[in-house]
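This report concerns only the one structure given below.
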Amino acid sequence: MTQPPFGRLVTAMVTPFAADGSLDLDTAADLATYLVDEQRNDALVINGTTGESPTTTDDEKLQLLKVVIEAVGDRAQVIAGVGTFDTAHTIHLAQQAAEVGSDGLLVVTPYYSRPPQDALAAHFVAVADATDVPVILYDIPHRAGVPIETETLLKVAEHPRIVAVKDAKGLPVQSALVMANSNLAFYAGDDAMMLPLMAVGGVGVVGTSTHFSGARTAEVIAAWLAGDTERALSLYRALLGVYQGVFATQGVMLVKAGLAARGRDVGGVRAPLLNASEAQTKAFVSLLDAAGL
C-alpha cells in the first residue's frame with residue numbers, strides 16, 4: 001500500500017483573529033501546539049479553506065506559516081495551502097511557502113473559471129515545477145466547480161512531486177481506481193469519509209472536526225491499521241455525528257464557535273462568513289458532548 005507522506009492524521013487549522021479582525025499569531029501558535037501535542041496530529045494544513053484563505057493577504061499567510069512552523073515544525077509537518085484560481089498567484093504562494101520551510105503544498109482545483117481537464121493538468125504541473133516541495137492536490141468539485149477526473153489524476157501522478165490527494169469528491173470507487181493505478185496517497189477531505197476511503201486504500205484524513213476529535217480519530221486509524229475492524233467501526237460510529245455535524249454550516253464557523261465554547265477562543269470569522277448563531281453553536285456543542293469530546 002502507498003505510504004502516507006504527511007502522516008495519517010492532519011487537521012486543516014482555523015486562523016485565529018483578534019477582536020479587531022487582525023491576525024492573532026500568539027493564539028495561532030497555541031492552537032497549533034494543542035492540535036499537535038493534545039490532538040495527536042501528524043501534520044497541519046495552514047491557510048486552507050478552513051483557515052479562511054480567501055480573506056487573508058499574502059503577507060498574513062506568510063506570517064502565519066512562520067509562526068506555526070516555529071511552534072510545531074520540529075514534531076509535525078506543516079502543509080501550506082497555496083491554491084488559487086490564478087496559476088501565477090498560486091506559484092507565488094508556493095514559492096513563498098517553500099522559502100519558509102513548509103513541508104508540503106496543498107493546491108486546490110482552480111475555482112470559478114472551470115478550466116478543462118488539460119488546463120487543470122497544466123496548472124498542477126506548473127505549480128509542482130515551481131518548487132522542490134511535495135504537492136497535495138485538493139479535489140473538491142462542489143466548491144471548485146469541476147472535478148479532477150480519473151485520467152487527469154493518473155496523468156499528473158507521473159510528476160515526482162505530486163504525491164497525494166485531499167479527496168473531497170465523495171466517490172470512493174473512482175478514488176480506488178486511481179490508487180490502484182498510481183502511487184498517489186489519498187487523504188479523506190470529508191471527515192466522515194475517512195474510514196470508507198481507508199477501506200479502499202486511503203491513508204488518512206485532512207480533517208475539520210479533528211480540532212476536537214483528533215485524538216479519538218487517531219484511535220480509529222490505529223485500530224483499522226491493526227486489523228481490529230470491529231473496534232475501528234465502533235469508534236468511528238461514535239464520532240460520526242461530529243464528523244458530519246461540523247459541516248451543518250460552513251466548517252470554520254462551527255470550529256471557531258466550538259473552540260470558544262470549550263474555552264479556547266480563537267476569535268470570529270471574516271466576512272463574507274458570519275459567526276455561527278447561538279442555535280448552530282448549541283447544536284454542534286451537543287454533538288461534541290454526546291461523543292464525549
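Residue numbering restarts at 1 for every chain of the C-alpha cells, chains are lettered A, B, ... in their displayed order, and ligands are numbered from 1 as they appear.
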
- Find the residues around Gly48 of chain A up to 10 Å (only C-alpha atoms counted), leave out those fewer than 3 positions away in its own chain, and share them as number ranges by chain. A: 12-15, 44-45, 51-54, 61, 79-83, 106-108

- 7 Å contact set for Ala176 of chain A, only C-alpha atoms, chain neighbours under 4 positions out, as a PyMOL selection string: chain A and resi 172+180+200-201

- Message: Rounded to one decimal, what separation in Å do you get between atom CA of Tyr34 of chain A and atom CA of Ala76 of chain A?
- Response: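 Atom CA of Ala76 of chain A lies at a distance of 11.8 Å from atom CA of Tyr34 of chain A.
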
- Which distance in Å separates atom CA of Ser175 of chain A and atom CA of Ala226 of chain A, to one decimal?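 Taking atom CA of Ser175 of chain A as the start and atom CA of Ala226 of chain A as the end point, the length is 22.8 Å.
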
- Item | Surrounding residues of Gln174 of chain A excluding itself and chain neighbours under 2 positions, 12 Å, only C-alpha atoms, as a list in words |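 After dropping sequence-adjacent residues, the list is Pro147, Ile148, Glu149, Thr150, Glu151, Leu153, Leu154, Asp167, Ala168, Lys169, Gly170, Leu171, Pro172, Ala176, Leu177, Val178, Met179, Ala180, Asn181, Phe186, Leu197, Val200 and Gly201 of chain A.
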
- Residue nearest Val252 of chain A among A:Thr229, A:Ser102, A:Thr49, A:Asp289 (counting only C-alpha atoms): A:Thr49

- Task: Mind the document's chain letters and residue numbers, and return as an NGL selection string the residues of segment 37-124 of chain A that DSSP labels strand (DSSP E).
- Result: :A and (43-46 or 77-81 or 104-108)

- Query: Got a sec: who's within 10 Å of segment 259-270 of chain A, counting only C-alpha atoms, leaving out chain neighbours fewer than 2 positions off, as a ChimeraX atom specification?
  - Reply: /A:14-24,27-28,30-31,51-52,54-56,211-212,252-257,272-276,281-282,285,288,293

- A:Leu184, A:Ala121, A:Met193, A:Ala291 ranked by distance to Pro160 of chain A, top pick (using only C-alpha atoms):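 Counting only C-alpha atoms, the residue closest to Pro160 of chain A is A:Leu184.
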
- Task: Record the distance separating atom CA of Ala215 of chain A and atom CA of Arg231 of chain A, expressed in Å with one decimal.
- Result: 15.1 Å

- Pick from A:Ala199, A:Val100, A:Ile136, A:Ala223, whichever lies nearest to His159 of chain A using only C-alpha atoms: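 Nearest candidate to His159 of chain A out of A:Ala199, A:Val100, A:Ile136, A:Ala223: A:Ile136.
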
Need the shell around Gly104 of chain A: protein/DNA/RNA residues with any atom at most 6 Å away, counting only C-alpha atoms. Skip same-chain ones fewer than 4 positions apart. Format as a compact mmCIF listing (two decimals) with N, CA and C atoms, in the first residue's frame?
```txt
# COMPACT_ATOMS: atom_id res chain seq x y z
N ILE A 79 1.84 21.95 6.26
CA ILE A 79 1.45 21.99 4.86
C ILE A 79 0.80 23.33 4.58
N VAL A 133 9.05 21.25 -3.16
CA VAL A 133 8.20 20.80 -2.07
C VAL A 133 7.11 19.88 -2.62
N PRO A 134 6.82 18.75 -1.95
CA PRO A 134 5.77 17.86 -2.42
C PRO A 134 4.39 18.50 -2.38
N VAL A 135 3.55 18.08 -3.32
CA VAL A 135 2.24 18.70 -3.55
C VAL A 135 1.12 17.71 -3.25
```

- Show which residues sit within 8 Å of Val36 of chain A, as a PyMOL selection string. Count only C-alpha atoms, and ignore same-chain residues fewer than 5 positions away. chain A and resi 41-43+72+75-76

- helix (DSSP H, G or I) positions in segment 182-224 of chain A, given as a ChimeraX atom specification: /A:191-199,210-224

- Task: Using only C-alpha atoms, pick whichever of A:Ser209, A:Arg143, A:Glu99, A:Glu158 has the shortest atom-to-atom distance to Val125 of chain A.
- Result: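 The shortest atom-to-atom distance to Val125 of chain A comes from A:Glu158.
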
- Message: If we count only C-alpha atoms and set the cut-off at 12 Å, which residues sit around Leu120 of chain A, ignoring sequence neighbours fewer than 6 positions away in its own chain? Please answer as JSON, numbers by chain.
- Response: {"A": [85, 86, 87, 107, 108, 109, 110, 111, 113, 114, 126, 127, 137, 138, 139, 144, 146, 147, 148, 149, 151, 152, 153, 155, 156]}
